[in-house]
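Text of my_file_39.csv, listed as CSV, C-alpha atoms:
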```csv
chain,number,residue,atom,x,y,z
U,623,GLU,CA,92.7,94.0,82.9
U,624,ASP,CA,94.6,95.8,85.7
U,625,ARG,CA,95.6,99.4,85.0
U,626,PHE,CA,98.6,101.1,86.4
U,627,HIS,CA,100.1,104.6,86.1
U,628,ARG,CA,103.0,106.5,87.5
U,629,ARG,CA,102.4,109.4,89.8
U,630,GLY,CA,104.7,112.4,89.7
U,631,PRO,CA,106.2,114.3,91.2
U,632,SER,CA,106.2,112.7,94.7
U,633,ARG,CA,105.2,114.8,97.7
U,634,ARG,CA,108.7,114.3,99.0
U,635,GLY,CA,110.1,116.5,96.3
U,636,SER,CA,112.2,115.9,93.2
U,637,LEU,CA,113.6,112.3,93.1
U,638,PRO,CA,116.0,110.7,90.7
U,639,ARG,CA,114.0,109.0,87.9
U,640,ALA,CA,116.6,107.7,85.5
U,641,GLY,CA,115.4,104.5,84.0
U,642,PHE,CA,112.2,104.6,86.1
U,643,ALA,CA,109.8,104.1,83.1
U,644,ALA,CA,111.6,101.0,81.9
U,645,MET,CA,111.9,99.6,85.4
U,646,GLN,CA,108.2,100.3,86.1
U,647,GLY,CA,107.2,98.3,83.1
U,648,ALA,CA,109.2,95.3,84.4
U,649,VAL,CA,107.7,95.7,87.8
U,650,LEU,CA,104.1,95.8,86.6
U,651,GLU,CA,104.6,92.7,84.4
U,652,GLY,CA,106.3,90.8,87.2
U,653,ARG,CA,109.6,90.5,85.3
U,654,GLY,CA,112.7,89.7,87.3
U,655,PRO,CA,115.7,87.5,86.8
U,656,THR,CA,113.1,84.7,86.2
U,657,LYS,CA,109.5,85.7,85.3
U,658,GLY,CA,107.1,85.1,88.1
U,659,THR,CA,109.8,84.6,90.8
U,660,VAL,CA,111.3,86.9,93.4
U,661,ALA,CA,114.8,88.0,93.1
U,662,PRO,CA,117.2,86.4,95.6
U,663,ARG,CA,117.8,88.5,98.7
U,664,ARG,CA,121.0,90.4,98.8
U,665,THR,CA,123.3,90.8,101.8
U,666,GLY,CA,124.3,94.3,103.0
U,667,PRO,CA,122.9,97.7,101.8
U,668,THR,CA,122.4,98.2,98.1
U,669,ARG,CA,121.0,101.1,96.2
U,670,GLN,CA,117.4,100.2,95.2
U,671,ARG,CA,114.4,102.1,94.2
U,672,VAL,CA,111.6,102.1,96.8
U,673,LEU,CA,108.0,102.4,95.5
U,674,LEU,CA,104.7,102.8,97.2
U,675,ALA,CA,101.8,101.1,95.4
U,676,VAL,CA,98.2,102.3,96.2
U,677,THR,CA,94.8,101.3,94.8
U,678,PRO,CA,91.5,102.8,95.8
U,679,MET,CA,89.1,100.2,97.2
U,680,GLY,CA,85.8,99.8,98.9
U,681,PRO,CA,83.0,102.3,99.3
U,682,SER,CA,83.8,106.0,99.1
U,683,PHE,CA,82.5,108.3,101.8
U,684,ALA,CA,83.2,111.8,100.4
U,685,PRO,CA,85.7,113.2,100.9
U,686,PHE,CA,87.3,110.0,102.2
U,687,LEU,CA,88.3,106.9,100.2
U,688,GLY,CA,89.7,103.6,101.3
U,689,TYR,CA,93.0,102.3,99.9
U,690,HIS,CA,95.0,99.1,99.6
U,691,SER,CA,98.8,99.7,99.7
U,692,SER,CA,102.0,97.8,99.6
U,693,ILE,CA,105.8,98.5,99.2
U,694,LEU,CA,108.2,97.5,96.5
U,695,ILE,CA,111.9,97.3,96.9
U,696,GLY,CA,113.1,97.1,93.3
U,697,ARG,CA,110.8,94.6,91.7
U,698,THR,CA,109.9,92.8,94.9
U,699,GLU,CA,106.6,93.6,96.6
U,700,TYR,CA,105.9,93.4,100.3
U,701,SER,CA,102.3,93.4,101.5
U,702,PHE,CA,100.5,92.5,104.7
U,703,SER,CA,97.3,90.5,105.1
U,704,LYS,CA,95.7,88.1,107.6
U,705,LEU,CA,98.4,85.5,106.7
U,706,GLY,CA,101.2,87.9,107.5
U,707,VAL,CA,103.8,89.5,105.2
U,708,PHE,CA,104.1,88.3,101.7
U,709,ARG,CA,106.8,88.8,99.1
U,710,ALA,CA,105.9,88.7,95.4
U,711,ALA,CA,107.4,89.6,92.0
U,712,GLY,CA,105.7,93.0,91.2
U,713,PRO,CA,102.5,94.4,92.8
U,714,GLN,CA,100.6,91.1,92.8
U,715,SER,CA,98.4,92.1,95.8
U,716,HIS,CA,96.8,94.8,93.7
U,717,ARG,CA,95.8,92.6,90.7
U,718,GLY,CA,92.2,91.8,90.3
U,719,ARG,CA,91.0,95.0,91.7
U,720,ASP,CA,88.7,97.3,89.6
U,721,ALA,CA,90.5,100.6,90.3
U,722,GLU,CA,93.7,101.9,88.9
U,723,THR,CA,96.9,101.3,90.9
U,724,THR,CA,99.4,104.2,91.3
U,725,LEU,CA,103.1,103.7,91.8
U,726,ILE,CA,104.7,106.5,93.8
U,727,ASP,CA,108.4,106.8,93.5
U,728,CYS,CA,110.1,107.2,96.9
U,729,GLY,CA,113.6,107.4,95.4
U,730,ARG,CA,116.7,105.2,95.3
U,731,ARG,CA,117.7,104.3,98.8
U,732,ALA,CA,120.5,102.3,100.4
U,733,VAL,CA,118.5,99.3,101.5
U,734,ASP,CA,119.6,96.3,103.6
U,735,VAL,CA,116.8,93.9,102.7
U,736,ALA,CA,117.7,91.4,105.4
U,737,ALA,CA,117.8,94.2,108.1
U,738,PHE,CA,114.4,95.5,106.8
U,739,GLU,CA,112.8,92.1,107.0
U,740,GLU,CA,114.3,91.4,110.5
U,741,ALA,CA,113.1,94.7,111.9
U,742,VAL,CA,109.6,94.9,110.4
U,743,PHE,CA,108.3,91.4,109.8
U,744,PRO,CA,108.0,90.3,113.4
U,745,LEU,CA,105.7,93.4,114.0
U,746,PHE,CA,103.3,92.0,111.4
U,747,ALA,CA,103.1,88.4,112.2
U,748,PRO,CA,100.3,86.1,110.9
U,749,GLY,CA,97.1,86.4,112.8
U,750,THR,CA,97.7,90.0,113.9
U,751,TYR,CA,95.9,91.7,111.0
U,752,ASP,CA,93.0,94.0,111.9
U,753,LEU,CA,90.9,95.8,109.2
U,754,LEU,CA,91.0,99.1,111.1
U,755,ARG,CA,93.8,99.0,113.6
U,756,LYS,CA,96.6,97.0,111.8
U,757,ASN,CA,96.1,96.6,108.1
U,758,CYS,CA,98.0,96.9,104.9
U,759,ASN,CA,98.4,100.6,105.2
U,760,ALA,CA,99.8,100.3,108.7
U,761,PHE,CA,102.4,97.9,107.3
U,762,SER,CA,103.2,100.3,104.4
U,763,ASP,CA,103.5,103.2,106.8
U,764,CYS,CA,106.0,101.3,109.0
U,765,ALA,CA,107.9,99.9,106.0
U,766,LEU,CA,108.3,103.5,104.6
U,767,ALA,CA,109.5,104.7,108.0
U,768,PHE,CA,112.3,102.1,108.1
U,769,LEU,CA,113.3,102.3,104.4
U,770,THR,CA,113.0,106.1,103.8
U,771,GLY,CA,112.5,107.9,107.1
U,772,ASP,CA,109.1,109.2,105.8
U,773,ARG,CA,105.6,108.3,106.7
U,774,LEU,CA,102.6,107.2,104.6
U,775,ASP,CA,100.5,110.2,103.5
U,776,GLU,CA,97.5,110.5,105.9
U,777,LYS,CA,95.1,110.7,103.0
U,778,TYR,CA,95.5,107.0,102.5
U,779,THR,CA,94.4,106.2,106.0
U,780,GLN,CA,91.8,108.9,106.8
U,781,LEU,CA,88.8,106.7,106.3
U,782,GLU,CA,90.0,103.8,108.5
U,783,SER,CA,91.3,106.2,111.1
U,784,ILE,CA,87.8,107.8,111.5
U,785,ALA,CA,86.2,104.3,111.4
U,786,GLU,CA,88.6,103.0,114.0
U,787,LEU,CA,87.9,105.9,116.4
U,788,ALA,CA,84.1,105.4,115.9
U,789,ASP,CA,84.3,101.7,116.5
U,790,ARG,CA,86.6,101.9,119.5
U,791,HIS,CA,84.1,104.1,121.3
U,792,MET,CA,80.7,103.1,119.9
U,793,ALA,CA,81.3,99.8,118.1
U,794,LEU,CA,79.9,101.5,115.0
U,795,VAL,CA,81.7,99.5,112.4
U,796,GLN,CA,80.8,96.2,114.1
U,797,THR,CA,77.2,97.2,114.2
U,798,LEU,CA,77.1,98.5,110.6
U,799,SER,CA,78.9,95.4,109.3
U,800,GLY,CA,76.3,93.1,110.9
U,801,GLY,CA,79.0,91.5,113.0
U,802,ARG,CA,81.3,90.7,110.0
U,803,TYR,CA,84.0,92.9,111.4
U,804,VAL,CA,85.3,91.8,114.8
U,805,PRO,CA,88.3,93.6,116.3
U,806,ASN,CA,91.4,91.4,116.6
U,807,PRO,CA,92.6,91.5,120.2
U,808,LYS,CA,96.1,90.9,119.0
U,809,ALA,CA,96.1,94.3,117.3
U,810,TYR,CA,94.2,96.3,119.9
U,811,ASP,CA,97.4,97.8,121.5
U,812,PHE,CA,99.2,98.3,118.2
U,813,ASP,CA,100.0,102.0,117.7
U,814,VAL,CA,101.2,102.7,114.2
U,815,ASP,CA,102.6,106.2,115.1
U,816,ASP,CA,104.7,104.8,118.0
U,817,VAL,CA,106.0,101.9,115.9
U,818,ALA,CA,106.8,104.1,112.8
U,819,GLU,CA,108.6,106.7,114.9
U,820,ASP,CA,110.7,103.9,116.6
U,821,LEU,CA,111.6,102.5,113.2
U,822,ILE,CA,112.7,105.9,112.0
U,823,GLU,CA,115.0,106.2,115.0
U,824,MET,CA,116.3,102.7,114.3
U,825,ARG,CA,117.6,104.0,110.9
U,826,SER,CA,120.2,106.1,112.6
U,827,ALA,CA,120.7,104.1,115.8
U,828,PRO,CA,124.2,102.8,116.4
U,829,THR,CA,122.9,99.7,118.2
U,830,PRO,CA,122.7,96.4,116.3
U,831,VAL,CA,119.5,95.7,114.4
U,832,GLU,CA,118.6,92.7,116.5
U,833,SER,CA,118.5,94.5,119.8
U,834,THR,CA,116.9,97.6,118.4
U,835,ALA,CA,114.2,95.6,116.7
U,836,ALA,CA,113.4,93.8,119.9
U,837,ALA,CA,113.0,97.1,121.7
U,838,VAL,CA,110.6,98.3,119.0
U,839,GLN,CA,108.5,95.1,119.4
U,840,MET,CA,108.4,95.5,123.2
U,841,HIS,CA,107.4,99.1,122.9
U,842,SER,CA,104.7,98.2,120.5
U,843,GLY,CA,103.1,95.5,122.7
U,844,VAL,CA,104.4,92.8,120.3
U,845,MET,CA,106.4,89.9,121.8
U,846,PRO,CA,109.7,89.4,120.0
U,847,ALA,CA,109.7,86.5,117.5
U,848,ARG,CA,112.6,84.6,116.1
U,849,HIS,CA,111.0,84.2,112.6
U,850,SER,CA,108.1,85.4,110.6
U,851,SER,CA,106.2,83.3,108.1
U,852,LEU,CA,106.7,84.3,104.5
U,853,ALA,CA,105.0,83.3,101.3
U,854,HIS,CA,107.0,83.3,98.2
```

Can the structure from this file be put into structure tokens for me?
Amino acid sequence: EDRFHRRGPSRRGSLPRAGFAAMQGAVLEGRGPTKGTVAPRRTGPTRQRVLLAVTPMGPSFAPFLGYHSSILIGRTEYSFSKLGVFRAAGPQSHRGRDAETTLIDCGRRAVDVAAFEEAVFPLFAPGTYDLLRKNCNAFSDCALAFLTGDRLDEKYTQLESIAELADRHMALVQTLSGGRYVPNPKAYDFDVDDVAEDLIEMRSAPTPVESTAAAVQMHSGVMPARHSSLAH
């Protein structure tokens, strides 16, 4: 059975937590307006709690540990995989893993869900996933940048950052994996720091989301896309 717990306080300082425990229980059980479904998308900014979900995974190379992460806006999870960005009711992408999942409270934020999806989803299109260069943690980092103006704590990406550097220069991971890991050419020019910083600037930019999002995509080496595939 999956195990979850609440971490506190967040590294971002004291955050409002009224009703957090009750809401957390609903999130973990996948309860929404209808159990097992995703709440309908709202239009315009609304105050919603933003959560970061993290689960240790894979081998540990002390002092480094690999993680799977995703973002929740209210009860809706957003996660990234080879098939693109998925929405789900509760942290479904963490279920079935042996380790404990931690929910980190990033506070109640004014969130325009449609603007978030329009800005971030095209950057993480199906077929662009890479285990080291553009993975679930890169998505969570960029999503947090847009939603909160903060970045994902580096401790969640230390292992893959070291592995990516070693593989880029010595093909170390490709060799050690016996060829099971092959770099994705569609992710080779992706720079999560550049993309995240652009998304933070977008938060306060006076220009329309559409034109700003296109600028982020071009800067990141990603061709603008009209739509991104979603799984519900």

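Using all atoms listed in the file for every distance, the candidate list U:Lys756, U:Arg825, U:Arg730, U:Arg773 yields U:Lys756 as the residue closest to Phe702 (chain U).
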
Original post:
So, counting all atoms listed in the file, which residue among U:Phe743, U:Thr770, U:Asn757, U:Cys764 is closest to Pro805 (chain U)?
Top reply: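 Using all atoms listed in the file, the shortest distance to Pro805 (chain U) belongs to U:Asn757.
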
Subject >> Between CA of Asn806 (chain U) and CA of Tyr751 (chain U), distance in Å (one decimal) >> reply: 7.2 Å

Surrounding residues of Pro748 (chain U) excluding itself and chain neighbours under 6 positions, 7 Å, only C-alpha atoms, as a PDB file with C-alpha atoms, in the frame of the given file:
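What ended up in part38.pdb:
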```pdb
ATOM      1  CA  LYS U 704      95.700  88.100 107.600  1.00  0.00           C
ATOM      2  CA  LEU U 705      98.400  85.500 106.700  1.00  0.00           C
ATOM      3  CA  GLY U 706     101.200  87.900 107.500  1.00  0.00           C
TER       4      GLY U 706
END
```

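When CA of Asp775 (chain U) is paired with CA of Arg802 (chain U), their separation reads 28.1 Å.
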